[in-house]
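Asker: So that we are looking at the same thing, I have put the structure below in structure tokens.
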Amino acid sequence: MLPIREKVEHVALRIKFTKTGALQYISHLDLHRTFSRLLVRRGVPVWYSEGFTPHPRLVFATPLSVGAESICEYMDVFVCGNAETVDPDVIRWKLGVSDIDGLEIKEVYLPSTKFSTITHSDYTIKITTEGASEELAAKCREALGASPLVVLKRTKSGEKDVDISSQIKRADVSFDGEHIVINCRLSADSAGFLNPEYLVKVLKEKCGVLSGDVLKEEYSILRTAVLAGEEDFH
Amino acid sequence: MNSTVLKSVLKPGRYSGGECGQIIKDKNDVNCRFAFCFPDTYEIGMSNLGMRVLYGALNAEKDIWCERVFAPWLDMQEKMRELDLPLTALESGDKVSGFDFLGFTLQYELCYTTVLNVMQLCKMPLKASERGEEFPIVIGGGHCAYNPEPIAEFFDIFSIGEGEEALVELCRLYIDMKKSGEYTKEKFLHSAAKIDGFYVPSLYEVSYKADGTIEKYTPKYDDIPTKIRKRIIKDLDKVYYPTKTYMPYIETVQDKMTLEVYRGCIRGCRFCQAGMVCRPVREKSVDKLFDDAKCMYANSGYDEMTLSSLSISDYSHIDELTDKFAEWTTSNHISLSLPSLRLDSFTRELMDKVSTVRTGSLTFAPEAGTQRLRDAINKNVCEADLLRAVNVAYDVGKTSVKLYFMNGLPTETDEDIEGIALLAKSVIDAFYQNPNRNKQRRPSVTVSVSCFVPKPFTPFQWEKQNTFEELMRKQDYLKSKITDRKIVYNYHDATVSFLEAVFARGDRRLSKALEVAAEKGMKFDAWSECFDFNAWKEVFAESGIDPDYYATRGFGTDEVLPWDIIDCGVTKEFLLREREKAYAGVPTKNCREQCNGCGANKLGGERTCCP
């Protein structure tokens, strides 16, 4: 019944982009849709999968939870052609300035690495809370440095207590005169991805941050780097 | 919106705004701010074509800024109450109560409580008479505005008919009056009432007879019309169409390109309000449609397109259109869907050109179980049409079919209800008789039965609705007649349909009931998790209203009907003629075969089939 389609040569193209502002509230699946449409309307020669319902193939590097922003997201998309015929600069030019608020295209290139080499992500967590001070920062530093550090984690098989201390490679806490600021490096490999929300959860439970007026207190999470070992992922 | 609040609710993408295609203007550069509300959730409202059209048409005016407003879901409403947050518009995040206009699109009667709920969240008085100059002018439009009386007390103005041109004119009047300094709400409403297609309910007094029926409508001024004629767009090729529009990030009910092909309907099914109030038929040209489609695709990147109309196969150039689209959609990986296909037009040729029919099940709407009743409602399809259509589907390997019916139609007997079961059975039998059928799978037929609701401006507008007890009996009766396990039977909640009938044919006195319902915090009646029939019984008892008066009472043909203040083009004489033909079981030819003199041709229109 379906028209038989010839196999089309295709190659992976990597796009580094940001996901900030209102875009932080959309899920992985939503981003997938939004990004596919951006590529199509900008005339990128997207490759369509060969199957019953052909669709663009987009693969995102590492999960980012809803409510977290990032200046370093990576995505691979398959485009028609091969490493010789596809010119990333031309595609970069086609994409132009993104018309999606919070999505800025940073780099377009042919990748030489795999997403599976990613080991860690760096985050900056900024907490606006009553009682923010050097003392509170010290308290937070201590809380995050504890080992074991047990949190109630939601998993597929229900909730269970998990020790996350080994997944926190580094957590520097400071007070910038206004906020409690946490710069941290968390595990991001497939075996032990740690969602930075858990750090906020620990501080809520153990240090009493964010327990006052909801309209005055808030926190933001920003992913600042993705790493493969000690190096920046590329 | 505060980020802590957003992070604490389900689907924050409903409230965060910032979608691609939204229109942002500098509020200091505009003279009129219009908050356009779809009184349901974001996912439903963002799927609505009418809202897209009007949003784009208003924003095409440099000095008007139209923004979107939706009803927050229950969890967000709780947060807003807890923190005393007012409802804001998505684009600017500004309080809705500070806008110049608050417009509601009224798509179904069960949204009325949500309309009032939204006004409560905006911290505005509900009654128009209690809202001072500092509040937005509240305006309603859409299909329910053809009988706006049950909600008349809460609205300043209703826009009757198609709004693309009318709303801009209204905003222009507002801007001009503000600029010249002569603006007061009272003067503005009086001037608005003089523009074609605008009904200002406060300027019309309603008096009642001793038996409770309406005596008459009296205009308060001599210079305003005694009947408000609906507005139409004469030439659909020349009017604004949203080829560049907002695109939701989160999943909505319909997230694809929607291409409106024509307005109106040539059929005239006697229960159908849309088929009457959208007349006359006006088509877009094939060239314009193709241009719009390409433009929409270039601006959006969507991979799905749906052709929208009341009955797509009745478009006079449907073959030319689908041929033209077939190649373009295939080469761009766009899947094309044709909803609202009549079963008498469903052919193998058409099926091969569209993709929705390639996957999933097929849906047809015979509406009634026997030929006698199908003739009475003027559906103009027969069992042979249905069997031919399902055989086309079976030929290509389909095994499941959905059939839509209605219970409680005027003149319906138990024989007609049993007919539904027999028809479903014959669709199953046809499967086994088809030599090309998919032999690996069992056939399945889903029978979905809704309840008839008499609607204004239809030949059945005077009919009584079956009591919900009777409808439930009929539902049970049909259940007892369906014995084949391959037939899945679904039916609608009869109490919901009862409420729909009350508000569809209600008059101004029903405002009282809605006020009581709003005080009780009722909302989202179209959602089964929120609909509470017992609460509605209390509402009617407390407000001293007998809902049966509106739903299950037959209206007299000499009665002044609440919606007689509106002229939708189609005349009462035509509706009465159609009603008599229904009783006689005589179908009416479609508009293209023969003009039946409905009266809508007086409104004019390009590419129409009217004489």
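Every chain in the structure tokens has a letter given in the order shown (A, B, ...), and although residue numbers restart at 1 in each chain, ligands are simply numbered from 1 in the order shown.
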Would you give me, as a count of residues only, the residues of chain B that come within 10 Å of chain A, using only C-alpha atoms?

Answerer: 45

Asker: Excluding same-chain residues fewer than 2 positions from Gly145 of chain A, what lies within 9 Å of it counting only C-alpha atoms, as a ChimeraX atom specification?

Answerer: /A:140-143,147-149,165,168,170-171

Asker: Go ahead and save the residues from that selection, with N, CA and C atoms, as a tab-separated table (two decimals), in the first residue's frame.

Answerer:
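Just written: out.tsv:
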chain	number	residue	atom	x	y	z
A	140	CYS	N	24.22	24.98	54.12
A	140	CYS	CA	23.91	24.27	52.88
A	140	CYS	C	25.13	23.48	52.40
A	141	ARG	N	26.30	24.10	52.54
A	141	ARG	CA	27.55	23.46	52.09
A	141	ARG	C	27.73	22.13	52.86
A	142	GLU	N	27.48	22.23	54.13
A	142	GLU	CA	27.63	21.05	54.97
A	142	GLU	C	26.62	19.96	54.59
A	143	ALA	N	25.40	20.40	54.35
A	143	ALA	CA	24.35	19.44	54.00
A	143	ALA	C	24.68	18.69	52.72
A	147	SER	N	28.06	12.52	53.62
A	147	SER	CA	28.14	11.21	52.98
A	147	SER	C	27.88	10.13	54.04
A	148	PRO	N	26.92	9.26	53.89
A	148	PRO	CA	26.02	9.21	52.74
A	148	PRO	C	25.00	10.34	52.77
A	149	LEU	N	24.48	10.69	51.59
A	149	LEU	CA	23.43	11.69	51.47
A	149	LEU	C	22.21	10.99	50.88
A	165	SER	N	25.39	10.72	47.30
A	165	SER	CA	26.67	11.42	47.54
A	165	SER	C	27.72	11.12	46.47
A	168	ILE	N	27.49	13.36	43.33
A	168	ILE	CA	27.86	14.78	43.41
A	168	ILE	C	29.38	14.85	43.40
A	170	ARG	N	31.12	17.59	42.88
A	170	ARG	CA	31.56	18.84	43.47
A	170	ARG	C	30.32	19.67	43.75
A	171	ALA	N	30.30	20.41	44.86
A	171	ALA	CA	29.18	21.32	45.13
A	171	ALA	C	29.70	22.49	45.96

Asker: Can you list, as a list of chain:residue names, every protein, DNA or RNA residue that comes within 9 Å of Leu10 of chain B when you count only C-alpha atoms, leaving out same-chain residues fewer than 5 positions away?

Answerer: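 Once the adjacent positions are removed, what remains is B:Trp73, B:Asp75, B:Met76.
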
Asker: Can you pull out every residue from segment 315-354 of chain B that DSSP, working from the backbone, puts in alpha helix (DSSP H), and format the result as a PyMOL selection string?

Answerer: chain B and resi 318-331+348-353

Asker: Write a file of the selected residues as a JSON list (two decimals), in the first residue's frame, keeping C-alpha atoms.

Answerer:
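Output saved as part_22.json:
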[["chain", "number", "residue", "atom", "x", "y", "z"],
["B", 318, "ILE", "CA", -12.63, 18.50, -3.90],
["B", 319, "ASP", "CA", -11.04, 16.28, -6.57],
["B", 320, "GLU", "CA", -9.00, 19.10, -8.02],
["B", 321, "LEU", "CA", -7.95, 20.16, -4.53],
["B", 322, "THR", "CA", -6.92, 16.74, -3.30],
["B", 323, "ASP", "CA", -5.08, 16.00, -6.56],
["B", 324, "LYS", "CA", -3.17, 19.22, -6.24],
["B", 325, "PHE", "CA", -2.35, 18.51, -2.62],
["B", 326, "ALA", "CA", -1.46, 14.85, -3.06],
["B", 327, "GLU", "CA", 1.89, 15.42, -4.73],
["B", 328, "TRP", "CA", 2.89, 18.38, -2.59],
["B", 329, "THR", "CA", 2.05, 16.66, 0.68],
["B", 330, "THR", "CA", 3.85, 13.45, -0.26],
["B", 331, "SER", "CA", 7.07, 15.14, -1.31],
["B", 348, "ARG", "CA", -11.34, 4.30, -2.85],
["B", 349, "GLU", "CA", -9.92, 7.13, -4.92],
["B", 350, "LEU", "CA", -10.32, 9.64, -2.09],
["B", 351, "MET", "CA", -9.00, 7.17, 0.43],
["B", 352, "ASP", "CA", -5.76, 6.71, -1.47],
["B", 353, "LYS", "CA", -5.11, 10.43, -1.44]]

Asker: Report, in Å with one decimal, the straight-line distance from atom CA of Met119 of chain B to atom CA of Arg231 of chain B.

Answerer: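 Separating atom CA of Met119 of chain B from atom CA of Arg231 of chain B is a distance of 26.8 Å.
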
Asker: Considering only C-alpha atoms, return as a PyMOL selection string whatever protein or nucleic-acid residues lie within 8 Å of Asp235 of chain B, sequence-local ones (same chain, fewer than 3 positions apart) excluded.

Answerer: chain B and resi 238-239+282+284+605-607

Asker: Using only C-alpha atoms, which protein or nucleic acid residues come within 7 Å of segment 142-157 of chain B? Drop anything in the same chain fewer than 4 positions from it, and give the result as a ChimeraX atom specification.

Answerer: /B:105-109,126-128,137-138,198-201,456,503-504,506-511,562-563,566

Asker: Using N, CA and C atoms, can you export the residues from the last selection as a short mmCIF file (atom, residue, chain, number, x, y, z; two decimals), in the first residue's frame?

Answerer:
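Written out: out-v6.cif:
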data_model
loop_
_atom_site.label_atom_id
_atom_site.label_comp_id
_atom_site.auth_asym_id
_atom_site.auth_seq_id
_atom_site.Cartn_x
_atom_site.Cartn_y
_atom_site.Cartn_z
N THR B 105 -14.90 33.40 23.41
CA THR B 105 -15.49 32.65 22.31
C THR B 105 -16.34 31.55 22.94
N LEU B 106 -17.61 31.51 22.54
CA LEU B 106 -18.57 30.62 23.20
C LEU B 106 -18.88 29.48 22.25
N GLN B 107 -18.22 28.36 22.45
CA GLN B 107 -18.32 27.26 21.51
C GLN B 107 -19.35 26.21 21.92
N TYR B 108 -19.60 26.08 23.21
CA TYR B 108 -20.59 25.13 23.66
C TYR B 108 -21.19 25.62 24.97
N GLU B 109 -22.45 25.25 25.20
CA GLU B 109 -23.20 25.80 26.33
C GLU B 109 -22.55 25.47 27.67
N LEU B 126 -19.42 40.02 38.08
CA LEU B 126 -19.95 39.17 37.01
C LEU B 126 -20.97 39.89 36.14
N LYS B 127 -21.81 40.66 36.78
CA LYS B 127 -22.89 41.29 36.02
C LYS B 127 -22.40 42.54 35.31
N ALA B 128 -22.82 42.66 34.05
CA ALA B 128 -22.39 43.80 33.24
C ALA B 128 -22.81 45.11 33.91
N ILE B 137 -14.60 46.00 28.60
CA ILE B 137 -15.88 45.72 27.96
C ILE B 137 -15.87 44.21 27.69
N VAL B 138 -16.89 43.50 28.17
CA VAL B 138 -16.92 42.06 27.99
C VAL B 138 -17.80 41.71 26.79
N PHE B 198 -23.85 43.60 16.03
CA PHE B 198 -23.57 43.68 17.46
C PHE B 198 -24.85 43.82 18.27
N TYR B 199 -24.96 42.96 19.25
CA TYR B 199 -26.14 42.93 20.11
C TYR B 199 -25.71 43.38 21.50
N VAL B 200 -26.32 44.46 21.97
CA VAL B 200 -26.04 44.96 23.32
C VAL B 200 -27.26 44.63 24.17
N PRO B 201 -27.21 43.54 24.92
CA PRO B 201 -28.43 43.06 25.59
C PRO B 201 -29.03 44.06 26.56
N PRO B 456 -31.32 26.21 18.82
CA PRO B 456 -31.90 27.36 18.14
C PRO B 456 -31.52 27.37 16.66
N PHE B 503 -29.54 25.29 28.51
CA PHE B 503 -28.86 26.54 28.18
C PHE B 503 -28.93 26.88 26.69
N ALA B 504 -29.08 25.88 25.85
CA ALA B 504 -29.19 26.15 24.41
C ALA B 504 -30.46 26.94 24.13
N GLY B 506 -32.36 28.55 26.50
CA GLY B 506 -32.74 29.35 27.66
C GLY B 506 -32.99 30.80 27.33
N ASP B 507 -33.61 31.49 28.29
CA ASP B 507 -33.81 32.93 28.15
C ASP B 507 -33.03 33.64 29.25
N ARG B 508 -33.27 34.94 29.35
CA ARG B 508 -32.48 35.77 30.26
C ARG B 508 -32.61 35.38 31.72
N ARG B 509 -33.73 34.76 32.05
CA ARG B 509 -33.95 34.43 33.46
C ARG B 509 -32.94 33.39 33.96
N LEU B 510 -32.31 32.67 33.03
CA LEU B 510 -31.33 31.65 33.43
C LEU B 510 -30.04 32.26 33.99
N SER B 511 -29.84 33.54 33.77
CA SER B 511 -28.66 34.19 34.34
C SER B 511 -28.58 33.95 35.84
N PRO B 562 -36.50 33.04 22.65
CA PRO B 562 -35.45 33.92 23.19
C PRO B 562 -34.50 34.42 22.11
N TRP B 563 -34.30 33.61 21.07
CA TRP B 563 -33.31 33.99 20.04
C TRP B 563 -33.95 34.70 18.85
N ILE B 566 -32.29 37.67 17.23
CA ILE B 566 -31.18 37.47 16.29
C ILE B 566 -31.72 37.04 14.93
#

Asker: Write out as a list in words each polymer residue whose atoms come within 12 Å of Asp161 of chain A, counting only C-alpha atoms; drop sequence neighbours fewer than 3 positions from it.

Answerer: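 Using only C-alpha atoms, the neighbours found are Pro148, Leu149, Val150, Val151, Leu152, Lys153, Arg154, Thr155, Gly158 and Ile164 of chain A.
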
Asker: Please dump the current selection as a tab-separated table (two decimals), in the first residue's frame; keep N, CA and C atoms.

Answerer:
chain	number	residue	atom	x	y	z
A	148	PRO	N	26.92	9.26	53.89
A	148	PRO	CA	26.02	9.21	52.74
A	148	PRO	C	25.00	10.34	52.77
A	149	LEU	N	24.48	10.69	51.59
A	149	LEU	CA	23.43	11.69	51.47
A	149	LEU	C	22.21	10.99	50.88
A	150	VAL	N	21.25	10.74	51.76
A	150	VAL	CA	20.13	9.90	51.33
A	150	VAL	C	18.92	10.76	50.97
A	151	VAL	N	18.38	10.53	49.78
A	151	VAL	CA	17.14	11.21	49.39
A	151	VAL	C	16.12	10.17	48.93
A	152	LEU	N	14.87	10.57	49.03
A	152	LEU	CA	13.80	9.69	48.55
A	152	LEU	C	13.67	9.93	47.05
A	153	LYS	N	13.97	8.91	46.28
A	153	LYS	CA	13.98	9.07	44.83
A	153	LYS	C	12.80	8.33	44.22
A	154	ARG	N	12.20	8.99	43.23
A	154	ARG	CA	11.10	8.34	42.54
A	154	ARG	C	11.68	7.53	41.38
A	155	THR	N	11.44	6.27	41.38
A	155	THR	CA	11.93	5.43	40.29
A	155	THR	C	10.76	4.69	39.67
A	158	GLY	N	8.64	2.62	42.02
A	158	GLY	CA	8.14	3.28	43.23
A	158	GLY	C	9.21	4.14	43.87
A	164	ILE	N	22.92	9.65	47.22
A	164	ILE	CA	23.36	10.35	46.01
A	164	ILE	C	24.76	10.96	46.17

Asker: Kindly indicate which residue among B:Glu82, B:Asp211, B:Asp196, B:Glu134 lies nearest to Phe158 of chain B, using only C-alpha atoms for the distances.

Answerer: B:Asp196

Asker: With only C-alpha atoms as the basis for distance, which of A:Ile71, A:Ile91, A:Leu13, A:Ala138 is at the shortest distance from Thr113 of chain A?

Answerer: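 Counting only C-alpha atoms, the residue closest to Thr113 of chain A is A:Leu13.
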
Asker: Need to verify the contact set: segment 116-133 of chain A, 6 Å, only C-alpha atoms, exclusion of same-chain residues closer than 6 positions in sequence. Can you return it as a list in words?

Answerer: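 My list of contacting residues is His179, Ile180, Val181, Ile182, Asn183, Cys184, Arg185, Leu186, Ser187, Ala188, Asp189, Val209, Leu210, Glu217, Glu218, Tyr219, Ser220, Ile221, Leu222, Arg223, Thr224, Ala225, Val226, Leu227, Ala228 and Gly229 of chain A.
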
Asker: In terms of the shortest atom-to-atom distance over only C-alpha atoms, which of A:Val77, A:Val59, A:Val108, A:Val173 is closest to His10 of chain A?

Answerer: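 Ranking A:Val77, A:Val59, A:Val108, A:Val173 by distance to His10 of chain A, first place goes to A:Val77.
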
Asker: I need the residue nearest Glu593 of chain B from this list: B:Pro443, B:Leu514, B:Asp314, B:Met472. Use only C-alpha atoms for the distance.

Answerer: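 Using only C-alpha atoms, Glu593 of chain B sits closest to B:Asp314.
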
Asker: Give the strand (DSSP E or B) residues of segment 4-36 of chain B, as DSSP finds them on the backbone, and put them as an MDAnalysis selection string.

Answerer: chainID B and resid 20 32:36

Asker: Record the distance separating atom CA of Arg279 of chain B and atom CA of Val381 of chain B, expressed in Å with one decimal.

Answerer: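 Computing the Euclidean distance for atom CA of Arg279 of chain B and atom CA of Val381 of chain B yields 21.4 Å.
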
Asker: Between atom CA of Tyr174 of chain B and atom CA of Cys568 of chain B, what distance in Å does the model show, to one decimal?

Answerer: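 Separating atom CA of Tyr174 of chain B from atom CA of Cys568 of chain B is a distance of 25.6 Å.
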